[in-house]
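Colleague: I'm passing along model28.cif; it holds mmCIF, C-alpha atoms and all ligand atoms.
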data_structure
loop_
_atom_site.group_PDB
_atom_site.id
_atom_site.type_symbol
_atom_site.label_atom_id
_atom_site.label_comp_id
_atom_site.auth_asym_id
_atom_site.auth_seq_id
_atom_site.Cartn_x
_atom_site.Cartn_y
_atom_site.Cartn_z
ATOM 1 C CA MET Q 1 197.060 244.630 7.732
ATOM 2 C CA ASN Q 2 196.349 240.928 8.081
ATOM 3 C CA SER Q 3 198.347 238.909 5.541
ATOM 4 C CA ASN Q 4 195.729 236.119 5.680
ATOM 5 C CA LEU Q 5 193.191 238.560 4.320
ATOM 6 C CA ASN Q 6 195.544 239.483 1.571
ATOM 7 C CA VAL Q 7 196.577 236.043 0.416
ATOM 8 C CA SER Q 8 192.863 235.568 -0.110
ATOM 9 C CA GLU Q 9 192.896 238.532 -2.481
ATOM 10 C CA SER Q 10 194.875 236.210 -4.741
ATOM 11 C CA ALA Q 11 191.702 234.116 -4.971
ATOM 12 C CA PHE Q 12 189.936 237.109 -6.542
ATOM 13 C CA LEU Q 13 192.860 237.818 -8.833
ATOM 14 C CA VAL Q 14 192.961 234.287 -10.261
ATOM 15 C CA ASN Q 15 189.311 234.619 -11.266
ATOM 16 C CA GLU Q 16 190.017 237.646 -13.401
ATOM 17 C CA PHE Q 17 192.638 235.641 -15.284
ATOM 18 C CA ARG Q 18 190.441 232.558 -15.554
ATOM 19 C CA ALA Q 19 187.629 234.748 -16.844
ATOM 20 C CA ARG Q 20 189.894 236.317 -19.469
ATOM 21 C CA ASN Q 21 190.871 232.848 -20.633
ATOM 22 C CA GLU Q 22 187.492 231.162 -20.542
ATOM 23 C CA ALA Q 23 188.181 229.006 -23.613
ATOM 24 C CA GLU Q 24 191.182 227.496 -21.851
ATOM 25 C CA SER Q 25 189.940 227.414 -18.280
ATOM 26 C CA ARG Q 26 186.369 226.376 -19.182
ATOM 27 C CA ASP Q 27 185.293 228.259 -16.074
ATOM 28 C CA ILE Q 28 182.237 230.048 -17.402
ATOM 29 C CA TYR Q 29 181.411 231.433 -13.952
ATOM 30 C CA ALA Q 30 184.792 232.969 -13.049
ATOM 31 C CA LYS Q 31 183.645 236.368 -14.299
ATOM 32 C CA LEU Q 32 180.960 236.532 -11.602
ATOM 33 C CA TRP Q 33 183.650 237.010 -8.946
ATOM 34 C CA VAL Q 34 185.589 239.748 -10.665
ATOM 35 C CA THR Q 35 185.305 243.090 -8.905
ATOM 36 C CA ASP Q 36 186.528 246.522 -10.006
ATOM 37 C CA LYS Q 37 189.286 246.300 -7.415
ATOM 38 C CA THR Q 38 190.372 242.925 -8.839
ATOM 39 C CA ARG Q 39 190.464 244.333 -12.381
ATOM 40 C CA GLU Q 40 192.623 247.178 -11.166
ATOM 41 C CA ILE Q 41 195.054 244.815 -9.393
ATOM 42 C CA ALA Q 42 195.138 242.516 -12.429
ATOM 43 C CA LYS Q 43 196.042 245.457 -14.658
ATOM 44 C CA ARG Q 44 198.973 246.265 -12.399
ATOM 45 C CA TYR Q 45 199.917 242.577 -12.425
ATOM 46 C CA ASP Q 46 200.058 242.646 -16.239
ATOM 47 C CA GLU Q 47 202.363 245.653 -16.115
ATOM 48 C CA GLN Q 48 204.590 244.624 -13.237
ATOM 49 C CA VAL Q 49 204.845 240.819 -13.325
ATOM 50 C CA SER Q 50 204.001 239.364 -16.700
ATOM 51 C CA PRO Q 51 201.385 240.295 -19.276
ATOM 52 C CA HIS Q 52 200.398 236.753 -20.271
ATOM 53 C CA ALA Q 53 201.750 234.188 -17.880
ATOM 54 C CA LEU Q 54 199.111 233.997 -15.186
ATOM 55 C CA GLY Q 55 196.205 233.814 -17.624
ATOM 56 C CA VAL Q 56 197.735 230.893 -19.461
ATOM 57 C CA ILE Q 57 198.827 229.094 -16.309
ATOM 58 C CA LEU Q 58 195.442 229.431 -14.652
ATOM 59 C CA GLY Q 59 193.549 228.392 -17.755
ATOM 60 C CA ILE Q 60 195.582 225.215 -18.049
ATOM 61 C CA ARG Q 61 195.526 224.550 -14.321
ATOM 62 C CA ASN Q 62 191.764 224.896 -14.075
ATOM 63 C CA ARG Q 63 191.313 222.606 -17.066
ATOM 64 C CA TYR Q 64 193.560 219.928 -15.508
ATOM 65 C CA PHE Q 65 191.687 219.961 -12.199
ATOM 66 C CA LEU Q 66 188.306 220.044 -13.940
ATOM 67 C CA ALA Q 67 189.267 217.040 -16.101
ATOM 68 C CA CYS Q 68 190.199 215.123 -12.902
ATOM 69 C CA LEU Q 69 186.818 215.909 -11.374
ATOM 70 C CA GLU Q 70 184.952 214.917 -14.537
ATOM 71 C CA SER Q 71 186.753 211.593 -14.892
ATOM 72 C CA GLU Q 72 186.449 210.662 -11.199
ATOM 73 C CA LEU Q 73 182.771 211.525 -11.230
ATOM 74 C CA ARG Q 74 182.231 209.260 -14.255
ATOM 75 C CA LEU Q 75 183.935 206.419 -12.361
ATOM 76 C CA HIS Q 76 182.253 207.106 -9.001
ATOM 77 C CA PRO Q 77 178.772 208.681 -9.099
ATOM 78 C CA ASP Q 78 178.843 208.793 -5.268
ATOM 79 C CA LEU Q 79 182.131 210.747 -5.270
ATOM 80 C CA VAL Q 80 182.729 213.201 -2.412
ATOM 81 C CA PHE Q 81 184.617 216.230 -3.715
ATOM 82 C CA VAL Q 82 186.713 218.199 -1.219
ATOM 83 C CA ASN Q 83 188.259 221.449 -2.404
ATOM 84 C CA VAL Q 84 190.903 222.657 0.061
ATOM 85 C CA ALA Q 85 191.572 226.424 -0.213
ATOM 86 C CA ALA Q 86 188.749 226.529 -2.754
ATOM 87 C CA GLY Q 87 188.765 230.318 -3.106
ATOM 88 C CA PHE Q 88 186.254 231.349 -5.742
ATOM 89 C CA THR Q 89 186.582 228.314 -7.973
ATOM 90 C CA SER Q 90 183.412 227.022 -9.630
ATOM 91 C CA TYR Q 91 183.971 223.264 -9.905
ATOM 92 C CA PRO Q 92 180.637 222.018 -8.450
ATOM 93 C CA PHE Q 93 178.843 224.273 -10.946
ATOM 94 C CA LEU Q 94 180.857 223.053 -13.933
ATOM 95 C CA VAL Q 95 179.771 219.405 -13.615
ATOM 96 C CA ASN Q 96 176.439 217.655 -13.255
ATOM 97 C CA GLY Q 97 175.521 214.942 -10.814
ATOM 98 C CA LEU Q 98 177.965 215.690 -7.999
ATOM 99 C CA GLN Q 99 176.205 214.593 -4.829
ATOM 100 C CA LYS Q 100 178.544 216.069 -2.263
ATOM 101 C CA SER Q 101 180.990 218.975 -2.348
ATOM 102 C CA ILE Q 102 182.953 220.360 0.548
ATOM 103 C CA GLU Q 103 184.905 223.611 0.390
ATOM 104 C CA ILE Q 104 187.543 224.674 2.888
ATOM 105 C CA ASP Q 105 189.148 228.113 3.148
ATOM 106 C CA PHE Q 106 189.739 230.934 5.621
ATOM 107 C CA PRO Q 107 186.549 231.934 7.495
ATOM 108 C CA HIS Q 108 186.341 235.342 5.799
ATOM 109 C CA VAL Q 109 186.577 233.742 2.334
ATOM 110 C CA ILE Q 110 183.898 231.172 3.190
ATOM 111 C CA GLU Q 111 181.618 233.825 4.632
ATOM 112 C CA TYR Q 112 181.926 236.000 1.513
ATOM 113 C CA LYS Q 113 181.548 233.065 -0.877
ATOM 114 C CA GLU Q 114 178.436 231.679 0.817
ATOM 115 C CA ARG Q 115 176.800 235.086 0.763
ATOM 116 C CA LYS Q 116 177.629 235.789 -2.881
ATOM 117 C CA LEU Q 117 176.643 232.278 -4.006
ATOM 118 C CA LYS Q 118 173.204 232.771 -2.550
ATOM 119 C CA GLU Q 119 172.957 236.139 -4.302
ATOM 120 C CA PHE Q 120 174.069 234.687 -7.678
ATOM 121 C CA GLN Q 121 171.696 231.743 -7.312
ATOM 122 C CA ASP Q 122 168.757 233.952 -6.364
ATOM 123 C CA GLN Q 123 169.523 236.034 -9.469
ATOM 124 C CA GLY Q 124 169.636 232.886 -11.626
ATOM 125 C CA LYS Q 125 173.301 233.436 -12.505
ATOM 126 C CA LEU Q 126 174.452 230.145 -10.974
ATOM 127 C CA PRO Q 127 172.694 226.776 -10.767
ATOM 128 C CA PHE Q 128 171.913 225.380 -7.307
ATOM 129 C CA ARG Q 129 174.377 222.975 -5.779
ATOM 130 C CA ILE Q 130 174.721 221.587 -2.275
ATOM 131 C CA ILE Q 131 178.083 222.598 -0.848
ATOM 132 C CA ARG Q 132 179.231 222.152 2.718
ATOM 133 C CA PHE Q 133 181.556 224.971 3.732
ATOM 134 C CA LEU Q 134 184.222 224.377 6.373
ATOM 135 C CA PRO Q 135 186.157 227.440 7.539
ATOM 136 C CA ALA Q 136 189.730 226.822 8.700
ATOM 137 C CA ASP Q 137 193.190 228.310 8.890
ATOM 138 C CA LEU Q 138 195.251 225.451 7.520
ATOM 139 C CA ASN Q 139 198.349 226.608 9.361
ATOM 140 C CA ARG Q 140 196.618 226.058 12.724
ATOM 141 C CA ILE Q 141 196.805 222.584 14.273
ATOM 142 C CA GLU Q 142 193.505 223.087 16.165
ATOM 143 C CA ASP Q 143 191.709 223.894 12.908
ATOM 144 C CA GLU Q 144 193.167 220.821 11.235
ATOM 145 C CA GLU Q 145 192.073 218.619 14.121
ATOM 146 C CA ARG Q 146 188.561 219.979 13.854
ATOM 147 C CA LEU Q 147 188.582 219.448 10.089
ATOM 148 C CA SER Q 148 189.645 215.863 10.582
ATOM 149 C CA MET Q 149 186.610 215.231 12.807
ATOM 150 C CA GLN Q 150 184.281 217.021 10.375
ATOM 151 C CA LEU Q 151 185.585 215.168 7.341
ATOM 152 C CA LYS Q 152 185.702 211.731 8.925
ATOM 153 C CA HIS Q 153 182.038 211.005 8.326
ATOM 154 C CA GLU Q 154 182.187 212.350 4.797
ATOM 155 C CA ILE Q 155 185.179 210.688 3.184
ATOM 156 C CA ALA Q 156 186.085 207.643 5.268
ATOM 157 C CA VAL Q 157 183.390 205.504 3.640
ATOM 158 C CA LYS Q 158 183.117 206.797 0.076
ATOM 159 C CA PRO Q 159 185.467 207.466 -2.833
ATOM 160 C CA SER Q 160 186.729 211.016 -2.615
ATOM 161 C CA LEU Q 161 188.639 213.531 -4.667
ATOM 162 C CA VAL Q 162 190.642 216.191 -2.832
ATOM 163 C CA PHE Q 163 191.988 219.307 -4.570
ATOM 164 C CA MET Q 164 194.798 221.486 -3.240
ATOM 165 C CA GLU Q 165 195.011 223.987 -6.066
ATOM 166 C CA GLY Q 166 197.065 227.152 -5.765
ATOM 167 C CA LEU Q 167 197.867 226.330 -2.157
ATOM 168 C CA THR Q 168 201.013 224.298 -1.509
ATOM 169 C CA TYR Q 169 203.502 227.167 -1.951
ATOM 170 C CA TYR Q 170 201.628 229.388 0.532
ATOM 171 C CA LEU Q 171 201.512 226.829 3.332
ATOM 172 C CA ASP Q 172 204.480 226.128 5.547
ATOM 173 C CA SER Q 173 205.925 222.687 4.893
ATOM 174 C CA LYS Q 174 204.863 221.274 8.278
ATOM 175 C CA SER Q 175 201.247 222.336 7.722
ATOM 176 C CA LEU Q 176 201.242 220.849 4.238
ATOM 177 C CA SER Q 177 202.632 217.570 5.502
ATOM 178 C CA ARG Q 178 200.043 217.481 8.315
ATOM 179 C CA LEU Q 179 197.282 218.183 5.814
ATOM 180 C CA VAL Q 180 198.368 215.371 3.495
ATOM 181 C CA THR Q 181 198.549 213.060 6.529
ATOM 182 C CA LEU Q 182 195.048 214.128 7.552
ATOM 183 C CA PHE Q 183 193.635 213.151 4.146
ATOM 184 C CA SER Q 184 195.671 209.970 3.867
ATOM 185 C CA ASN Q 185 194.241 208.861 7.217
ATOM 186 C CA LEU Q 186 190.695 209.445 5.995
ATOM 187 C CA GLN Q 187 190.500 208.735 2.270
ATOM 188 C CA THR Q 188 189.490 205.272 1.068
ATOM 189 C CA PRO Q 189 192.010 203.263 -1.015
ATOM 190 C CA GLY Q 190 191.899 204.377 -4.653
ATOM 191 C CA SER Q 191 190.701 207.894 -3.774
ATOM 192 C CA LEU Q 192 192.658 210.783 -5.292
ATOM 193 C CA LEU Q 193 194.414 213.912 -4.056
ATOM 194 C CA VAL Q 194 195.396 216.406 -6.752
ATOM 195 C CA LEU Q 195 197.727 219.358 -6.221
ATOM 196 C CA ASP Q 196 199.966 221.799 -8.019
ATOM 197 C CA ALA Q 197 203.464 222.605 -6.807
ATOM 198 C CA TRP Q 198 206.321 224.926 -7.661
ATOM 199 C CA ALA Q 199 209.831 223.548 -8.130
ATOM 200 C CA SER Q 200 212.598 225.298 -6.196
ATOM 201 C CA ALA Q 201 214.120 226.435 -9.498
ATOM 202 C CA ARG Q 202 211.352 229.041 -9.619
ATOM 203 C CA GLU Q 203 212.872 230.870 -6.659
ATOM 204 C CA THR Q 204 215.604 232.370 -8.842
ATOM 205 C CA GLU Q 205 213.466 233.141 -11.863
ATOM 206 C CA ALA Q 206 212.836 236.749 -12.707
ATOM 207 C CA VAL Q 207 209.088 236.208 -13.088
ATOM 208 C CA CYS Q 208 208.915 234.639 -9.646
ATOM 209 C CA SER Q 209 210.746 237.432 -7.875
ATOM 210 C CA ARG Q 210 208.468 239.931 -9.629
ATOM 211 C CA PHE Q 211 205.489 237.844 -8.467
ATOM 212 C CA ARG Q 212 206.707 237.800 -4.853
ATOM 213 C CA LYS Q 213 207.343 241.519 -4.914
ATOM 214 C CA PHE Q 214 203.892 242.120 -6.397
ATOM 215 C CA LEU Q 215 202.163 240.119 -3.671
ATOM 216 C CA ALA Q 216 204.183 241.960 -1.052
ATOM 217 C CA ASP Q 217 203.503 245.417 -2.564
ATOM 218 C CA HIS Q 218 199.846 245.010 -3.488
ATOM 219 C CA LEU Q 219 198.450 242.215 -1.315
ATOM 220 C CA ASN Q 220 200.655 242.781 1.728
ATOM 221 C CA TYR Q 221 201.765 239.151 1.574
ATOM 222 C CA PRO Q 222 205.206 238.703 3.148
ATOM 223 C CA ASN Q 223 208.020 238.534 0.593
ATOM 224 C CA ILE Q 224 209.386 235.285 1.953
ATOM 225 C CA ARG Q 225 210.626 232.075 0.398
ATOM 226 C CA TYR Q 226 207.608 230.053 -0.675
ATOM 227 C CA ASN Q 227 207.154 226.354 0.020
ATOM 228 C CA TYR Q 228 208.679 224.818 -3.109
ATOM 229 C CA LEU Q 229 208.305 221.109 -3.841
ATOM 230 C CA ASP Q 230 210.797 219.277 -6.028
ATOM 231 C CA VAL Q 231 210.301 215.668 -7.125
ATOM 232 C CA PRO Q 232 212.048 214.208 -4.009
ATOM 233 C CA ASP Q 233 209.772 216.377 -1.815
ATOM 234 C CA LEU Q 234 206.705 215.095 -3.661
ATOM 235 C CA ASN Q 235 207.939 211.524 -3.235
ATOM 236 C CA ARG Q 236 208.441 212.140 0.488
ATOM 237 C CA LEU Q 237 204.982 213.665 0.802
ATOM 238 C CA ALA Q 238 203.414 210.634 -0.875
ATOM 239 C CA ALA Q 239 205.611 207.932 0.676
ATOM 240 C CA GLY Q 240 203.768 205.039 2.289
ATOM 241 C CA ARG Q 241 200.340 206.565 1.857
ATOM 242 C CA TYR Q 242 199.819 207.631 -1.733
ATOM 243 C CA GLU Q 243 201.134 206.505 -5.083
ATOM 244 C CA ILE Q 244 201.976 209.263 -7.550
ATOM 245 C CA VAL Q 245 199.866 208.268 -10.552
ATOM 246 C CA GLU Q 246 200.564 211.387 -12.591
ATOM 247 C CA LEU Q 247 203.396 213.848 -12.298
ATOM 248 C CA THR Q 248 203.257 216.267 -15.173
ATOM 249 C CA ASN Q 249 203.875 219.948 -15.640
ATOM 250 C CA MET Q 250 202.205 222.982 -17.053
ATOM 251 C CA LEU Q 251 204.291 222.969 -20.222
ATOM 252 C CA GLU Q 252 203.250 219.395 -21.054
ATOM 253 C CA LYS Q 253 199.615 220.204 -20.418
ATOM 254 C CA GLU Q 254 199.832 223.404 -22.413
ATOM 255 C CA LYS Q 255 201.048 221.366 -25.393
ATOM 256 C CA GLU Q 256 198.322 218.777 -24.853
ATOM 257 C CA TYR Q 257 195.448 221.228 -24.430
ATOM 258 C CA LEU Q 258 196.473 223.940 -26.859
ATOM 259 C CA GLY Q 259 198.062 221.695 -29.480
ATOM 260 C CA PRO Q 260 201.717 221.106 -30.429
ATOM 261 C CA ALA Q 261 201.758 224.213 -32.627
ATOM 262 C CA SER Q 262 201.119 226.549 -29.693
ATOM 263 C CA LYS Q 263 204.245 228.359 -28.574
ATOM 264 C CA PRO Q 264 204.655 228.341 -24.780
ATOM 265 C CA ARG Q 265 203.541 231.801 -23.822
ATOM 266 C CA SER Q 266 205.296 232.179 -20.552
ATOM 267 C CA GLU Q 267 208.542 231.785 -18.726
ATOM 268 C CA ARG Q 268 209.437 228.252 -17.627
ATOM 269 C CA PHE Q 269 206.072 226.511 -17.376
ATOM 270 C CA SER Q 270 207.859 223.248 -16.719
ATOM 271 C CA ASP Q 271 208.663 224.448 -13.177
ATOM 272 C CA ILE Q 272 205.029 224.123 -12.179
ATOM 273 C CA SER Q 273 204.001 220.542 -11.461
ATOM 274 C CA LEU Q 274 200.526 219.073 -11.617
ATOM 275 C CA VAL Q 275 200.374 216.008 -9.431
ATOM 276 C CA THR Q 276 197.761 213.299 -8.933
ATOM 277 C CA LEU Q 277 198.168 211.014 -5.917
ATOM 278 C CA ARG Q 278 196.165 207.828 -5.385
ATOM 279 C CA LYS Q 279 195.556 206.545 -1.864
ATOM 280 C CA ASN Q 280 197.177 203.147 -1.247
HETATM 281 C C1 LIG X 301 195.766 231.505 -5.085
HETATM 282 S S1 LIG X 301 194.305 231.240 -4.176
HETATM 283 C C2 LIG X 301 193.740 229.738 -4.963
HETATM 284 C C3 LIG X 301 192.265 229.562 -4.790
HETATM 285 C C4 LIG X 301 191.665 228.423 -5.615
HETATM 286 N N1 LIG X 301 192.103 227.128 -5.151
HETATM 287 C C5 LIG X 301 191.987 228.624 -7.065
HETATM 288 O O1 LIG X 301 192.751 227.838 -7.622
HETATM 289 O O2 LIG X 301 191.464 229.583 -7.633
HETATM 290 C C6 LIG X 301 194.908 230.652 -2.621
HETATM 291 C C7 LIG X 301 193.777 230.233 -1.702
HETATM 292 O O3 LIG X 301 194.348 229.618 -0.555
HETATM 293 C C8 LIG X 301 193.679 230.092 0.595
HETATM 294 N N2 LIG X 301 194.611 229.926 1.706
HETATM 295 C C9 LIG X 301 195.923 230.263 1.731
HETATM 296 N N3 LIG X 301 196.460 229.986 2.936
HETATM 297 C C10 LIG X 301 195.452 229.431 3.676
HETATM 298 C C11 LIG X 301 195.363 228.948 5.018
HETATM 299 N N4 LIG X 301 196.418 228.993 5.836
HETATM 300 N N5 LIG X 301 194.177 228.481 5.455
HETATM 301 C C12 LIG X 301 193.083 228.467 4.643
HETATM 302 N N6 LIG X 301 193.113 228.900 3.348
HETATM 303 C C13 LIG X 301 194.280 229.394 2.888
HETATM 304 C C14 LIG X 301 193.365 231.539 0.261
HETATM 305 O O4 LIG X 301 192.345 232.101 1.059
HETATM 306 C C15 LIG X 301 192.957 231.410 -1.200
HETATM 307 O O5 LIG X 301 191.581 231.122 -1.352
#
Mind converting the file's structure to structure tokens?
Ligand SMILES: C[S@@+](CC[C@H](N)C(=O)[O-])C[C@H]1O[C@@H](n2cnc3c(N)ncnc32)[C@H](O)[C@@H]1O

Modeller:
Amino acid sequence: MNSNLNVSESAFLVNEFRARNEAESRDIYAKLWVTDKTREIAKRYDEQVSPHALGVILGIRNRYFLACLESELRLHPDLVFVNVAAGFTSYPFLVNGLQKSIEIDFPHVIEYKERKLKEFQDQGKLPFRIIRFLPADLNRIEDEERLSMQLKHEIAVKPSLVFMEGLTYYLDSKSLSRLVTLFSNLQTPGSLLVLDAWASARETEAVCSRFRKFLADHLNYPNIRYNYLDVPDLNRLAAGRYEIVELTNMLEKEKEYLGPASKPRSERFSDISLVTLRKN
């Protein structure tokens, strides 16, 4: 089985959890992407990995990224929004007035998403939005080179916002570094790149080894060490091209969004960083 196909299954899975936690995620369209197979896998996830963690994490994560999009769009009505490894996220549909969205993911994900979007829009379940889809395997240099050419005319002259959500730990570190270089070469000064990252401390956590085993058992994703990013790694990634304007974590955002009285509902949220970089 192709592990690329199966890491993409994680894009279905996250929608089930976002849909369950709509109040937190604010993704009112996530439920459209939930299939019976996804529900079945999510049920096993609850039993085998953690009953609450992913729902809370994804709700908070989605809300953080959505807030970035909303505030950048208020500042720059001509914003170009680029969602790298977009999966089945709904961002262009959750805001009004976005002139240009670009989504990048594996070809099979893009093909499926384009087809289903059309179906949902024809059925009146989703509003119409103009999205340019760019298929790519982000671990392939040739695909990155092609992306660079395709994106040049889109983001080299306008303020842009780039998301890398739920991606950095799946990419090998060289590919991630190349990708950040690609965007830093193209984005205009002041433009933002937002990502989430896992600290290396997660590697030894029980929930993380259960997660890795789950992906290996159910999604055929290799049970290998993920690409963790600690603060020095994030500094290295940004150095000379971006300034880190926000480095926070899921625990902080959980407190902010859900109120100080909310008890953290999962293991070690502080190991998951939410990072906003601003192009120098
Ligand atoms: C956990 S999902 C996250 C999707 C979405 N960003 C979200 O937050 O819901 C990981 C996404 O990364 C994509 N992905 C992982 N490795 C990739 C690669 N090498 N090239 C292109 N896309 C990749 C998968 O197809 C999937 O859509």

Colleague: What gap, in Å, lies between CA of Leu171 in chain Q and CA of Leu98 in chain Q?

Modeller: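 CA of Leu171 in chain Q sits 28.4 Å away from CA of Leu98 in chain Q.
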
Colleague: Give the residue list for ligand LIG 301 (chain X) at 6 Å, counting all atoms listed in the file, as a PyMOL selection string, sorted by chain and then by residue number.

Modeller: chain Q and resi 7-8+10-11+14+85-89+105-106+136-139+165-167+170-171

Colleague: Enumerate, in order of chain and increasing residue number, the residues of range 52-166 of chain Q with an atom no farther than 10 Å from range 195-211 of chain Q, each with its shortest atom pair and distance in Å to one decimal, counting only C-alpha atoms, as CSV.

Modeller:
residue,atom,partner,partner_atom,distance
Q:Ala53,CA,Q:Val207,CA,9.0
Q:Arg61,CA,Q:Asp196,CA,8.2
Q:Phe65,CA,Q:Leu195,CA,8.5
Q:Val84,CA,Q:Leu195,CA,9.8
Q:Val162,CA,Q:Leu195,CA,8.5
Q:Phe163,CA,Q:Leu195,CA,6.0
Q:Met164,CA,Q:Leu195,CA,4.7
Q:Glu165,CA,Q:Leu195,CA,5.4
Q:Gly166,CA,Q:Asp196,CA,6.5

Colleague: On this structure, which residues satisfy the PyMOL selection byres (((chain Q and resi 66) around 10) and not hetatm), written as a list in words?

Modeller: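 Taken on the displayed file, the PyMOL selection byres (((chain Q and resi 66) around 10) and not hetatm) yields the residues Ser25, Arg26, Asp27, Ile60, Arg61, Asn62, Arg63, Tyr64, Phe65, Ala67, Cys68, Leu69, Glu70, Ser71, Glu72, Ser90, Tyr91, Pro92, Leu94 and Val95 of chain Q.
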
Colleague: Which of these residues is nearest to Asp46 in chain Q, using only C-alpha atoms: Q:Glu16, Q:Leu75, Q:Leu193, Q:Glu9?

Modeller: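 Closest candidate: Q:Glu16.
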
Colleague: To box range 21-33 of chain Q, take all atoms listed in the file, fit an axis-aligned box, add 6 Å on each side, and give centre and edge lengths in Å to one decimal, as AutoDock Vina command-line options.

Modeller:
--center_x 186.1 --center_y 231.7 --center_z -16.3 --size_x 22.2 --size_y 22.6 --size_z 26.7

Colleague: Kindly reconstruct range 267-279 of chain Q with N, CA and C atoms and present the result as a compact mmCIF listing (two decimals), keeping the file's coordinate frame.

Modeller:
# COMPACT_ATOMS: atom_id res chain seq x y z
N GLU Q 267 207.22 232.20 -19.15
CA GLU Q 267 208.54 231.78 -18.73
C GLU Q 267 208.46 230.47 -17.95
N ARG Q 268 209.20 229.47 -18.39
CA ARG Q 268 209.44 228.25 -17.63
C ARG Q 268 208.20 227.58 -17.02
N PHE Q 269 207.25 227.22 -17.86
CA PHE Q 269 206.07 226.51 -17.38
C PHE Q 269 206.40 225.16 -16.76
N SER Q 270 207.54 224.60 -17.18
CA SER Q 270 207.86 223.25 -16.72
C SER Q 270 208.19 223.22 -15.22
N ASP Q 271 208.37 224.39 -14.62
CA ASP Q 271 208.66 224.45 -13.18
C ASP Q 271 207.42 224.30 -12.31
N ILE Q 272 206.27 224.26 -12.95
CA ILE Q 272 205.03 224.12 -12.18
C ILE Q 272 204.46 222.72 -12.41
N SER Q 273 204.46 221.93 -11.34
CA SER Q 273 204.00 220.54 -11.46
C SER Q 273 202.51 220.44 -11.21
N LEU Q 274 201.92 219.47 -11.87
CA LEU Q 274 200.53 219.07 -11.62
C LEU Q 274 200.59 217.61 -11.21
N VAL Q 275 200.10 217.32 -10.02
CA VAL Q 275 200.37 216.01 -9.43
C VAL Q 275 199.08 215.32 -8.99
N THR Q 276 198.91 214.08 -9.40
CA THR Q 276 197.76 213.30 -8.93
C THR Q 276 198.27 212.13 -8.09
N LEU Q 277 197.78 212.07 -6.85
CA LEU Q 277 198.17 211.01 -5.92
C LEU Q 277 196.98 210.08 -5.70
N ARG Q 278 197.25 208.78 -5.66
CA ARG Q 278 196.16 207.83 -5.38
C ARG Q 278 196.42 207.13 -4.05
N LYS Q 279 195.43 207.13 -3.21
CA LYS Q 279 195.56 206.54 -1.86
C LYS Q 279 195.83 205.04 -1.98
